[in-house]
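Enquirer: Quick one, my_file.cif (mmCIF, C-alpha atoms):
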data_data
loop_
_atom_site.label_atom_id
_atom_site.label_comp_id
_atom_site.auth_asym_id
_atom_site.auth_seq_id
_atom_site.Cartn_x
_atom_site.Cartn_y
_atom_site.Cartn_z
CA MET T 449 0.00 0.00 0.00
CA ALA T 450 1.23 3.47 -0.81
CA GLY T 451 0.24 7.09 -0.92
CA LEU T 452 1.56 9.06 -3.84
CA PHE T 453 2.82 7.09 -6.82
CA VAL T 454 5.35 8.51 -9.26
CA SER T 455 6.36 6.24 -12.12
CA GLU T 456 9.68 5.83 -13.77
CA PRO T 457 9.74 7.57 -17.17
CA VAL T 458 8.01 5.58 -19.93
CA LEU T 459 8.03 6.17 -23.67
CA ASN T 460 5.40 8.64 -24.79
CA PRO T 461 3.30 7.25 -27.65
CA ALA T 462 2.26 10.82 -28.45
CA ALA T 463 5.83 12.04 -28.94
CA GLU T 464 6.82 13.67 -32.18
CA GLY T 465 7.22 11.09 -34.92
CA GLU T 466 5.01 8.48 -33.24
CA PRO T 467 1.90 7.17 -35.06
CA ALA T 468 -1.32 9.13 -34.65
CA PHE T 469 -4.02 7.66 -32.43
CA THR T 470 -7.71 8.22 -31.78
CA ARG T 471 -7.80 6.86 -28.26
CA ALA T 472 -5.35 6.39 -25.43
CA ASP T 473 -5.99 4.24 -22.38
CA LEU T 474 -4.05 4.08 -19.15
CA VAL T 475 -4.82 0.62 -17.82
CA PHE T 476 -4.07 -0.41 -14.26
CA TYR T 477 -3.88 -4.13 -13.53
CA GLY T 478 -4.14 -5.80 -10.16
CA VAL T 479 -5.79 -2.87 -8.40
CA ASP T 480 -6.51 -3.40 -4.71
CA HIS T 481 -10.00 -2.42 -3.54
CA SER T 482 -10.07 -3.95 -0.08
CA GLY T 483 -9.76 -0.72 1.88
CA PRO T 484 -11.84 2.46 2.13
CA SER T 485 -12.96 4.38 -0.95
CA PHE T 486 -10.73 6.95 -2.61
CA GLU T 487 -10.18 8.71 -5.91
CA ALA T 488 -6.90 8.16 -7.74
CA ARG T 489 -6.10 11.35 -9.67
CA ILE T 490 -3.72 10.89 -12.56
CA PHE T 491 -1.29 13.53 -13.75
CA LEU T 492 1.06 13.41 -16.72
CA ASN T 493 4.54 14.89 -16.43
CA SER T 494 3.67 16.57 -13.14
CA PRO T 495 5.85 14.64 -10.71
CA GLU T 496 5.27 17.26 -8.03
CA ALA T 497 1.48 16.83 -8.14
CA GLY T 498 -0.21 16.52 -4.77
CA LEU T 499 -3.42 17.04 -2.89
CA SER T 500 -3.66 20.70 -3.82
CA THR T 501 -2.87 20.28 -7.52
CA PRO T 502 -5.97 21.32 -9.50
CA ARG T 503 -7.74 19.05 -11.92
CA ASP T 504 -6.72 21.28 -14.80
CA PRO T 505 -5.19 20.13 -18.06
CA GLU T 506 -2.55 22.81 -17.53
CA ALA T 507 -1.52 21.02 -14.34
CA GLY T 508 -1.20 17.74 -16.24
CA PHE T 509 -4.48 16.29 -14.98
CA ALA T 510 -5.47 13.41 -17.26
CA GLY T 511 -8.37 11.74 -15.46
CA SER T 512 -9.01 9.54 -12.48
CA PHE T 513 -10.43 6.28 -11.27
CA THR T 514 -12.35 5.85 -8.05
CA ILE T 515 -12.20 2.87 -5.76
CA PHE T 516 -15.60 2.09 -4.23
CA GLY T 517 -14.00 0.35 -1.34
CA HIS T 518 -14.71 -2.83 0.51
CA ALA T 519 -13.60 -0.99 3.68
CA GLY T 520 -11.98 -3.86 5.49
CA CYS T 521 -12.86 -7.43 6.24
CA ALA T 522 -15.81 -8.26 8.45
CA GLY T 523 -15.37 -12.01 8.38
CA ASP T 524 -13.48 -14.47 10.53
CA ALA T 525 -9.82 -15.28 10.06
CA GLY T 526 -9.10 -16.15 6.44
CA HIS T 527 -12.36 -14.73 5.09
CA CYS T 528 -10.62 -12.01 3.12
CA ASP T 529 -7.57 -13.99 2.03
CA VAL T 530 -7.59 -14.16 -1.74
CA PRO T 531 -6.67 -17.68 -2.83
CA THR T 532 -3.36 -18.03 -4.57
CA GLY T 533 -1.99 -20.84 -6.63
CA PRO T 534 -3.50 -22.74 -9.53
CA ALA T 535 -7.28 -22.70 -9.83
CA ASP T 536 -9.24 -25.94 -9.65
CA PRO T 537 -10.71 -26.34 -13.15
CA PHE T 538 -13.90 -27.79 -11.63
CA ASP T 539 -14.42 -24.89 -9.23
CA VAL T 540 -17.21 -22.79 -10.75
CA ARG T 541 -17.55 -20.41 -7.82
CA PRO T 542 -17.14 -16.71 -8.63
CA PRO T 543 -13.74 -15.18 -8.00
CA HIS T 544 -12.93 -14.20 -4.42
CA ALA T 545 -14.51 -10.89 -3.49
CA LEU T 546 -11.18 -9.16 -3.04
CA THR T 547 -9.55 -10.45 -6.21
CA ARG T 548 -7.70 -7.49 -7.60
CA GLN T 549 -9.34 -5.58 -10.44
CA THR T 550 -8.49 -3.78 -13.67
CA ARG T 551 -9.20 -0.07 -14.14
CA THR T 552 -9.05 1.73 -17.49
CA VAL T 553 -8.82 5.51 -17.68
CA ILE T 554 -9.31 7.13 -21.08
CA ILE T 555 -6.65 9.84 -21.38
CA THR T 556 -6.76 10.60 -25.11
CA GLU T 557 -6.98 14.40 -24.97
CA ALA T 558 -4.50 14.74 -22.12
CA LEU T 559 -1.93 12.59 -23.89
CA GLN T 560 -2.35 14.40 -27.20
CA ARG T 561 -1.24 17.60 -25.50
CA ILE T 562 2.19 16.19 -24.60
CA SER T 563 4.90 15.84 -27.20
CA ALA T 564 7.85 15.15 -24.89
CA PRO T 565 9.63 11.87 -25.60
CA GLU T 566 8.96 10.44 -22.15
CA LEU T 567 6.10 10.45 -19.68
CA ILE T 568 5.97 10.33 -15.92
CA ILE T 569 2.70 9.11 -14.43
CA THR T 570 1.82 10.55 -11.04
CA ILE T 571 -1.11 9.20 -9.05
CA VAL T 572 -2.54 11.16 -6.14
CA PRO T 573 -4.98 9.00 -4.12
CA VAL T 574 -7.46 11.29 -2.40
CA ARG T 575 -9.85 10.46 0.42
CA PRO T 576 -12.55 13.15 0.87
CA GLY T 577 -13.18 14.57 4.29
CA PRO T 578 -15.69 16.93 5.87
CA LEU T 579 -13.09 19.64 6.46
CA SER T 580 -10.25 18.76 4.14
CA ALA T 581 -9.15 16.01 1.82
CA GLU T 582 -6.40 13.66 2.85
CA LEU T 583 -3.97 11.45 1.05
CA ALA T 584 -5.20 7.85 1.00
CA GLU T 585 -2.55 5.31 1.90
CA THR T 586 -4.28 2.37 0.26
CA LEU T 587 -3.27 2.71 -3.39
CA ALA T 588 -1.88 -0.58 -4.69
CA PHE T 589 -1.68 -2.13 -8.15
CA ASP T 590 0.53 -4.60 -9.96
CA GLU T 591 1.37 -2.71 -13.15
CA PHE T 592 0.08 -0.16 -15.63
CA ARG T 593 0.11 -0.03 -19.41
CA LEU T 594 -0.29 2.94 -21.68
CA LEU T 595 -2.07 1.86 -24.84
CA THR T 596 -2.98 3.85 -27.93
CA TYR T 597 -5.35 2.87 -30.71
CA LEU T 598 -5.77 4.02 -34.29
CA MET Q 571 -36.79 8.84 -22.52
CA SER Q 572 -39.41 6.24 -23.07
CA THR Q 573 -39.87 3.82 -25.88
CA GLY Q 574 -43.59 3.44 -25.42
CA ALA Q 575 -43.03 -0.27 -25.82
CA VAL Q 576 -45.16 -2.91 -24.21
CA SER Q 577 -43.87 -5.80 -22.21
CA PRO Q 578 -43.15 -8.78 -24.46
CA GLN Q 579 -44.55 -11.00 -21.73
CA HIS Q 580 -47.75 -9.08 -21.06
CA PRO Q 581 -48.58 -6.99 -24.14
CA ALA Q 582 -51.95 -5.86 -22.77
CA VAL Q 583 -50.46 -4.50 -19.56
CA PRO Q 584 -48.84 -1.05 -19.60
CA LEU Q 585 -45.20 -0.94 -18.64
CA ARG Q 586 -44.47 0.83 -15.41
CA HIS Q 587 -42.24 3.86 -15.82
CA ARG Q 588 -39.49 4.97 -13.51
CA LEU Q 589 -39.56 8.77 -13.35
CA ASN Q 590 -37.15 11.59 -12.54
CA ILE Q 591 -37.32 12.23 -8.77
CA ASP Q 592 -37.52 15.98 -9.39
CA LYS Q 593 -40.54 15.54 -11.68
CA LEU Q 594 -42.73 13.39 -9.44
CA SER Q 595 -46.12 14.83 -8.63
CA ALA Q 596 -46.89 15.39 -4.96
CA ALA Q 597 -49.04 12.28 -4.98
CA GLN Q 598 -46.36 10.17 -6.67
CA LEU Q 599 -43.74 11.31 -4.15
CA ALA Q 600 -46.10 10.62 -1.26
CA THR Q 601 -46.72 7.11 -2.59
CA PHE Q 602 -43.00 6.47 -2.91
CA ARG Q 603 -42.35 7.70 0.62
CA ALA Q 604 -45.19 5.55 1.93
CA ALA Q 605 -43.66 2.49 0.27
CA ILE Q 606 -40.22 3.19 1.73
CA SER Q 607 -41.70 3.89 5.17
CA GLY Q 608 -43.71 0.70 5.00
CA ALA Q 609 -40.65 -1.33 4.10
CA MET Q 610 -38.68 0.27 6.93
CA GLY Q 611 -41.32 -0.99 9.33
CA ILE Q 612 -40.91 -4.62 8.32
CA SER Q 613 -38.19 -6.67 10.00
CA ASP Q 614 -38.28 -9.81 7.85
CA GLU Q 615 -36.99 -10.42 4.32
CA ARG Q 616 -39.62 -8.08 2.87
CA GLY Q 617 -38.23 -5.19 4.86
CA TYR Q 618 -35.92 -2.34 3.95
CA ASN Q 619 -33.04 -3.44 6.19
CA ASP Q 620 -33.02 -6.94 4.78
CA GLN Q 621 -33.09 -5.65 1.21
CA ALA Q 622 -30.32 -3.13 1.91
CA GLY Q 623 -28.21 -5.81 3.57
CA ILE Q 624 -28.17 -7.84 0.36
CA HIS Q 625 -25.75 -5.33 -1.13
CA GLY Q 626 -23.37 -5.04 1.83
CA LEU Q 627 -23.25 -5.95 5.49
CA PRO Q 628 -24.32 -8.04 7.32
CA LEU Q 629 -22.32 -10.80 5.73
CA PRO Q 630 -22.37 -12.09 3.09
CA ILE Q 631 -21.71 -9.02 0.95
CA SER Q 632 -23.57 -10.26 -2.10
CA CYS Q 633 -22.57 -7.41 -4.41
CA ASP Q 634 -19.01 -8.66 -4.15
CA VAL Q 635 -19.67 -10.74 -7.24
CA ALA Q 636 -20.64 -7.63 -9.19
CA HIS Q 637 -18.31 -4.70 -8.56
CA GLY Q 638 -15.39 -4.33 -10.91
CA ARG Q 639 -16.74 -7.20 -12.97
CA PRO Q 640 -18.64 -7.41 -16.28
CA ILE Q 641 -21.89 -8.33 -14.51
CA PHE Q 642 -21.98 -5.01 -12.62
CA LEU Q 643 -24.96 -3.71 -14.62
CA PRO Q 644 -27.01 -6.93 -14.80
CA TRP Q 645 -26.53 -7.65 -11.09
CA HIS Q 646 -27.71 -4.21 -10.05
CA ARG Q 647 -30.62 -4.33 -12.51
CA ALA Q 648 -31.77 -7.53 -10.82
CA TYR Q 649 -31.26 -5.95 -7.40
CA LEU Q 650 -33.44 -2.93 -8.23
CA TYR Q 651 -36.03 -5.16 -9.91
CA PHE Q 652 -36.59 -7.21 -6.76
CA PHE Q 653 -36.40 -4.18 -4.48
CA GLU Q 654 -39.03 -2.40 -6.59
CA LEU Q 655 -41.29 -5.47 -6.46
CA THR Q 656 -40.96 -5.46 -2.68
CA LEU Q 657 -42.09 -1.84 -2.60
CA ARG Q 658 -44.94 -2.58 -5.02
CA ASP Q 659 -46.23 -5.23 -2.63
CA LEU Q 660 -46.80 -2.33 -0.26
CA GLN Q 661 -47.82 0.36 -2.77
CA PRO Q 662 -48.94 -1.22 -6.07
CA ASP Q 663 -48.41 1.92 -8.16
CA VAL Q 664 -44.93 2.79 -6.96
CA THR Q 665 -41.82 2.75 -9.12
CA LEU Q 666 -38.23 3.61 -8.28
CA PRO Q 667 -37.37 7.20 -9.23
CA TRP Q 668 -33.99 8.17 -10.68
CA TRP Q 669 -31.66 11.00 -9.74
CA ASP Q 670 -30.19 12.71 -12.79
CA TRP Q 671 -26.94 13.90 -11.25
CA THR Q 672 -25.88 15.37 -14.61
CA ALA Q 673 -28.58 18.02 -14.24
CA ASP Q 674 -29.36 18.02 -10.53
CA ARG Q 675 -25.95 18.77 -9.02
CA HIS Q 676 -26.95 18.30 -5.42
CA VAL Q 677 -28.85 15.78 -3.33
CA PRO Q 678 -32.43 16.19 -4.61
CA PRO Q 679 -34.79 17.99 -2.22
CA ALA Q 680 -36.95 14.87 -1.96
CA TYR Q 681 -33.99 13.26 -0.18
CA SER Q 682 -32.38 16.23 1.56
CA GLU Q 683 -35.39 17.59 3.46
CA ARG Q 684 -35.40 16.29 7.01
CA ASP Q 685 -39.21 16.34 7.25
CA ALA Q 686 -41.98 15.86 4.74
CA ASP Q 687 -45.64 16.64 5.31
CA GLY Q 688 -45.00 17.04 9.01
CA GLN Q 689 -43.37 13.63 9.37
CA PRO Q 690 -39.74 12.50 9.34
CA ASN Q 691 -38.75 12.10 5.70
CA PRO Q 692 -37.92 8.41 5.12
CA LEU Q 693 -35.74 9.40 2.17
CA PHE Q 694 -33.53 11.61 4.34
CA SER Q 695 -32.00 8.81 6.38
CA ALA Q 696 -32.57 5.24 7.45
CA LYS Q 697 -31.74 3.07 10.41
CA VAL Q 698 -28.94 0.64 9.72
CA ASP Q 699 -29.17 -3.04 10.60
CA PRO Q 700 -27.47 -3.32 14.04
CA LEU Q 701 -25.64 -6.47 12.98
CA ALA Q 702 -24.16 -4.58 10.02
CA VAL Q 703 -23.01 -1.78 12.32
CA GLN Q 704 -21.46 -4.34 14.67
CA GLN Q 705 -19.67 -6.27 11.92
CA GLY Q 706 -18.32 -3.06 10.39
CA ALA Q 707 -17.08 -1.73 13.71
CA GLU Q 708 -15.26 -4.96 14.48
CA GLU Q 709 -13.08 -4.32 11.46
CA GLY Q 710 -12.63 -0.59 11.94
CA ASP Q 711 -15.35 0.66 9.58
CA ARG Q 712 -17.30 2.52 12.24
CA LYS Q 713 -20.54 3.85 10.82
CA GLY Q 714 -23.45 5.32 12.71
CA ASP Q 715 -26.66 3.40 13.21
CA VAL Q 716 -28.55 6.01 11.17
CA THR Q 717 -27.39 6.89 7.66
CA ARG Q 718 -25.85 10.28 7.00
CA ARG Q 719 -24.25 11.98 4.00
CA GLU Q 720 -21.38 14.37 3.34
CA PRO Q 721 -22.23 15.51 -0.20
CA GLY Q 722 -19.43 17.17 -2.08
CA ALA Q 723 -16.98 16.97 0.80
CA ALA Q 724 -13.51 18.42 0.34
CA GLY Q 725 -11.61 16.34 -2.17
CA ALA Q 726 -14.65 14.42 -3.39
CA PRO Q 727 -14.65 13.45 -7.07
CA PRO Q 728 -17.04 15.52 -9.18
CA LEU Q 729 -20.47 14.32 -10.24
CA PRO Q 730 -20.56 13.13 -13.86
CA THR Q 731 -21.51 15.75 -16.41
CA ALA Q 732 -23.98 15.50 -19.30
CA LYS Q 733 -21.08 15.66 -21.76
CA GLU Q 734 -19.29 12.80 -20.03
CA ILE Q 735 -22.42 10.65 -20.18
CA ASN Q 736 -23.00 11.55 -23.82
CA ASP Q 737 -19.42 10.55 -24.62
CA LEU Q 738 -19.96 7.34 -22.68
CA LEU Q 739 -23.09 6.53 -24.68
CA ALA Q 740 -21.02 6.68 -27.87
CA LEU Q 741 -18.81 3.76 -26.81
CA ARG Q 742 -19.43 0.73 -28.97
CA ASP Q 743 -18.24 -2.13 -26.79
CA PHE Q 744 -20.18 -3.39 -23.77
CA LEU Q 745 -17.15 -4.18 -21.63
CA ASP Q 746 -15.67 -0.76 -22.34
CA PHE Q 747 -19.03 0.90 -21.62
CA THR Q 748 -19.71 -0.90 -18.36
CA GLN Q 749 -16.24 -0.27 -16.97
CA GLN Q 750 -16.42 3.46 -17.70
CA LEU Q 751 -19.99 3.73 -16.38
CA GLU Q 752 -18.97 1.94 -13.19
CA GLN Q 753 -16.29 4.58 -12.69
CA TYR Q 754 -18.88 7.35 -12.83
CA HIS Q 755 -21.02 5.26 -10.48
CA ASN Q 756 -18.12 5.07 -8.03
CA ASN Q 757 -17.64 8.83 -8.22
CA VAL Q 758 -21.25 9.46 -7.22
CA HIS Q 759 -21.00 7.09 -4.27
CA VAL Q 760 -17.91 8.86 -2.97
CA TRP Q 761 -19.37 12.32 -3.76
CA VAL Q 762 -22.43 11.56 -1.59
CA GLY Q 763 -20.14 10.21 1.11
CA GLY Q 764 -21.10 8.97 4.55
CA HIS Q 765 -22.75 5.57 4.43
CA MET Q 766 -22.99 5.79 0.63
CA GLY Q 767 -19.24 6.12 0.37
CA ASP Q 768 -18.21 2.51 1.00
CA ILE Q 769 -19.64 -0.81 -0.19
CA PRO Q 770 -20.69 -2.34 3.17
CA PHE Q 771 -23.23 0.36 4.10
CA ALA Q 772 -24.12 2.13 0.83
CA ALA Q 773 -27.51 0.50 0.23
CA PHE Q 774 -28.86 1.54 3.61
CA ASP Q 775 -29.01 5.14 2.36
CA PRO Q 776 -32.32 5.62 0.52
CA ILE Q 777 -30.61 7.67 -2.19
CA PHE Q 778 -28.70 4.55 -3.21
CA TYR Q 779 -31.71 3.36 -5.21
CA ALA Q 780 -32.22 6.67 -7.05
CA HIS Q 781 -28.52 6.68 -7.96
CA HIS Q 782 -28.65 3.12 -9.22
CA ALA Q 783 -31.87 3.74 -11.12
CA MET Q 784 -29.93 6.46 -12.98
CA ILE Q 785 -27.10 4.02 -13.68
CA ASP Q 786 -29.62 1.47 -14.94
CA ARG Q 787 -31.25 4.18 -17.07
CA VAL Q 788 -27.91 5.07 -18.69
CA TRP Q 789 -27.47 1.40 -19.56
CA ARG Q 790 -30.99 1.37 -21.05
CA LEU Q 791 -30.14 4.49 -23.10
CA TRP Q 792 -26.97 2.81 -24.33
CA GLN Q 793 -28.93 -0.30 -25.31
CA LEU Q 794 -31.36 1.82 -27.32
CA ARG Q 795 -28.53 3.62 -29.07
CA HIS Q 796 -26.66 0.40 -29.92
CA PRO Q 797 -29.34 -2.25 -30.41
CA SER Q 798 -26.98 -4.54 -32.31
CA ILE Q 799 -24.26 -4.52 -29.65
CA GLY Q 800 -24.91 -6.85 -26.79
CA VAL Q 801 -23.38 -8.34 -23.72
CA PRO Q 802 -20.67 -10.88 -24.65
CA HIS Q 803 -22.22 -14.27 -25.23
CA ARG Q 804 -20.05 -15.95 -22.62
CA LEU Q 805 -21.68 -13.82 -19.90
CA LEU Q 806 -25.31 -14.50 -20.78
CA GLY Q 807 -25.67 -17.66 -18.70
CA GLU Q 808 -23.94 -16.28 -15.62
CA ALA Q 809 -26.01 -16.38 -12.47
CA LEU Q 810 -26.62 -13.25 -10.42
CA PRO Q 811 -26.76 -14.52 -6.85
CA PRO Q 812 -28.84 -14.25 -4.73
CA PHE Q 813 -31.50 -13.26 -7.26
CA GLY Q 814 -32.12 -16.47 -9.16
CA MET Q 815 -31.68 -14.72 -12.49
CA THR Q 816 -29.09 -14.92 -15.21
CA VAL Q 817 -27.49 -12.05 -17.08
CA HIS Q 818 -29.65 -12.90 -20.09
CA GLN Q 819 -32.84 -12.43 -18.09
CA THR Q 820 -31.89 -8.84 -17.23
CA LEU Q 821 -31.08 -7.57 -20.69
CA ASP Q 822 -34.54 -6.32 -21.71
CA SER Q 823 -36.06 -4.02 -19.10
CA ASN Q 824 -39.39 -4.28 -20.92
CA THR Q 825 -39.41 -7.99 -20.18
CA LEU Q 826 -39.03 -7.04 -16.54
CA GLY Q 827 -42.02 -4.75 -16.97
CA TYR Q 828 -40.47 -1.29 -16.79
CA ASP Q 829 -38.91 1.52 -18.74
CA TYR Q 830 -37.74 5.04 -18.05
CA ALA Q 831 -39.51 8.36 -18.59
CA VAL Q 832 -38.90 11.88 -17.33
CA ARG Q 833 -42.39 12.57 -16.14
CA GLY Q 834 -45.59 10.54 -16.18
CA SER Q 835 -49.27 10.88 -15.46
CA THR Q 836 -52.21 8.58 -16.04
CA GLY Q 837 -55.75 9.20 -17.31
CA ALA Q 838 -58.84 7.03 -17.27
CA GLY Q 839 -59.99 5.19 -20.40
CA THR Q 840 -63.51 4.63 -21.67
CA GLY Q 841 -64.14 1.84 -19.22
#
Can you present the structure in this file as structure tokens?

Expert:
Amino acid sequence: MAGLFVSEPVLNPAAEGEPAFTRADLVFYGVDHSGPSFEARIFLNSPEAGLSTPRDPEAGFAGSFTIFGHAGCAGDAGHCDVPTGPADPFDVRPPHALTRQTRTVIITEALQRISAPELIITIVPVRPGPLSAELAETLAFDEFRLLTYL
Amino acid sequence: MSTGAVSPQHPAVPLRHRLNIDKLSAAQLATFRAAISGAMGISDERGYNDQAGIHGLPLPISCDVAHGRPIFLPWHRAYLYFFELTLRDLQPDVTLPWWDWTADRHVPPAYSERDADGQPNPLFSAKVDPLAVQQGAEEGDRKGDVTRREPGAAGAPPLPTAKEINDLLALRDFLDFTQQLEQYHNNVHVWVGGHMGDIPFAAFDPIFYAHHAMIDRVWRLWQLRHPSIGVPHRLLGEALPPFGMTVHQTLDSNTLGYDYAVRGSTGAGTG
């Protein structure tokens, strides 16, 4: 689990000389949703982005995904342990409730504004509050992919 | 929006129409409140608490099979269908209203007024199943025993806009559509906040059903716009526990006896 996430630089598919595209997706795989709800705000090439960074394109804001959280485990010991290991081919039960998920954020317009050769993805997980927002500490995912489509 | 269609199962029976909460007549709103109040007074499986607990706590959290998965829309359509039938057992003319958060950028007055007609407004808040409160508290999710909201709290994600929903309706793949719509759905839950903000307690807040009726309506609008694009075949036979329905059985809202309209009124025929 983490608060702010700042990626290593990745190649920018919108850089000069790259093929044109009509849609760009930022896909997050293996997203944890077991904790409280929060919004994950995504910024491009704004490694200093934080809680107070506005949702403006000028600030690099590209979109967000929101975790509608499970908010903990109310069961007995083991209830919220996601099974690991090979699946039984005859087990037709639905996946475990806390199996990690995939989230896709469409960032076409935001990406088309950036021509730099590399991109840094910053994620600011925000938990709303009655007086002020706070940084959520429950952001976790396995990997992300930046995909463009003609 | 309304197609004017008849139910394929009962062509002589008018469909029931779910209406915009802000456009209900005084009588329609009173009927809806009476249905909710009646359900809140029942402690068995026909009651409000039992129905709300299907979605979250007390265990099992049945919606766990639906969130973040391709059956998100069918599962919640089945959930609203059975909840609406429960209300109609109490008030035969009632339908679930929808909250158009693209136009109505606050909690609708029908839900935000503490009192209605001199009585506590049952849409303002609801008692939460004590077992749900206990189970949540044991794991650190301490929620009050009466629902409350924190709409638009600092840092809350914005409500979806009309343009965002119009862009969404243009998507031409069901899996793409449902994943993006679920994101907007999540935003509204967190925007409302309080009990609505997390899965275990969300359905105890009466506004949950108006929010989900809007989500179901957007799916219906998408189906009308893309009649040749369906749910992937591999999903059609999936069960939607605990409802005893499959995905396929949820696809046509007319088969379930309802559609969506903005406003509705009824006149007598020739007899």

Enquirer: Just so the selection is clear, what residues does the PyMOL selection byres ((chain Q) within 6 of (chain T)) cover here, as a ChimeraX atom specification?

Expert: /Q:634,705,709,723-726,756,768-769

Enquirer: On this file, the PyMOL selection byres ((chain Q and resi 775-777) around 7) gives some set of residues; write that set as a PyMOL selection string.

Expert: chain Q and resi 681+693+695-696+717+765-766+772-774+778-781

Enquirer: Could you state which residues are captured by the PyMOL selection byres ((chain T and resi 452) around 10) in this file, as a list in words?

Expert: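 Given this file, the PyMOL selection byres ((chain T and resi 452) around 10) evaluates to Met449, Ala450, Gly451, Phe453, Val454, Ser455, Ala488, Arg489, Pro495, Glu496, Ala497, Gly498, Leu499, Thr570, Ile571, Val572, Pro573, Val574, Leu583, Ala584, Glu585, Thr586 and Leu587 of chain T.
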
Enquirer: So how many Å separate atom CA of Q:Thr731 and atom CA of Q:Leu745, to one decimal?

Expert: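 Atom CA of Q:Thr731 sits 21.1 Å away from atom CA of Q:Leu745.
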
Enquirer: Give as a short mmCIF file (atom, residue, chain, number, x, y, z; two decimals) with C-alpha atoms, in the coordinates of the input each residue that has an atom at most 12 Å from (-4.5, 20.6, -15.5) in the file, counting all atoms listed in the file.

Expert:
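Saved result, result.cif, follows:
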data_model
loop_
_atom_site.label_atom_id
_atom_site.label_comp_id
_atom_site.auth_asym_id
_atom_site.auth_seq_id
_atom_site.Cartn_x
_atom_site.Cartn_y
_atom_site.Cartn_z
CA ARG T 489 -6.10 11.35 -9.67
CA ILE T 490 -3.72 10.89 -12.56
CA PHE T 491 -1.29 13.53 -13.75
CA LEU T 492 1.06 13.41 -16.72
CA ASN T 493 4.54 14.89 -16.43
CA SER T 494 3.67 16.57 -13.14
CA ALA T 497 1.48 16.83 -8.14
CA SER T 500 -3.66 20.70 -3.82
CA THR T 501 -2.87 20.28 -7.52
CA PRO T 502 -5.97 21.32 -9.50
CA ARG T 503 -7.74 19.05 -11.92
CA ASP T 504 -6.72 21.28 -14.80
CA PRO T 505 -5.19 20.13 -18.06
CA GLU T 506 -2.55 22.81 -17.53
CA ALA T 507 -1.52 21.02 -14.34
CA GLY T 508 -1.20 17.74 -16.24
CA PHE T 509 -4.48 16.29 -14.98
CA ALA T 510 -5.47 13.41 -17.26
CA GLY T 511 -8.37 11.74 -15.46
CA GLU T 557 -6.98 14.40 -24.97
CA ALA T 558 -4.50 14.74 -22.12
CA LEU T 559 -1.93 12.59 -23.89
CA ARG T 561 -1.24 17.60 -25.50
#

Enquirer: Grab the atom CA of T:Pro565 to atom CA of T:Pro461 distance for me, in Å with one decimal place.

Expert: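 One can read the atom CA of T:Pro565 to atom CA of T:Pro461 distance as 8.1 Å.
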
Enquirer: Using all atoms listed in the file, which of Q:Asp743, Q:Glu752, Q:Glu720, Q:Glu734 sits nearest Q:Pro797?

Expert: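 For Q:Pro797, the nearest of the candidates is Q:Asp743.
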
Enquirer: Which residues are near T:Glu591? Cut-off 8 Å, all atoms listed in the file, ignore same chain within fewer than 6 positions. Put them as a VMD selection string.

Expert: chain T and resid 476 to 478

Enquirer: How many Å separate atom CA of Q:Arg787 from atom CA of Q:Trp669?

Expert: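 Atom-to-atom, atom CA of Q:Arg787 and atom CA of Q:Trp669 are spaced 10.0 Å apart.
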
Enquirer: Which neighbours of Q:Gln598 fall inside 10 Å, counting only C-alpha atoms, when residues of the same chain fewer than 4 positions from it are skipped, and could you give them as a list of chain:residue names?

Expert: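 Skipping anything fewer than 4 positions along the chain leaves Q:Leu589, Q:Ile591, Q:Lys593, Q:Leu594, Q:Phe602, Q:Arg603, Q:Ala604, Q:Asp663, Q:Val664, Q:Thr665, Q:Pro667, Q:Gly834, Q:Ser835.
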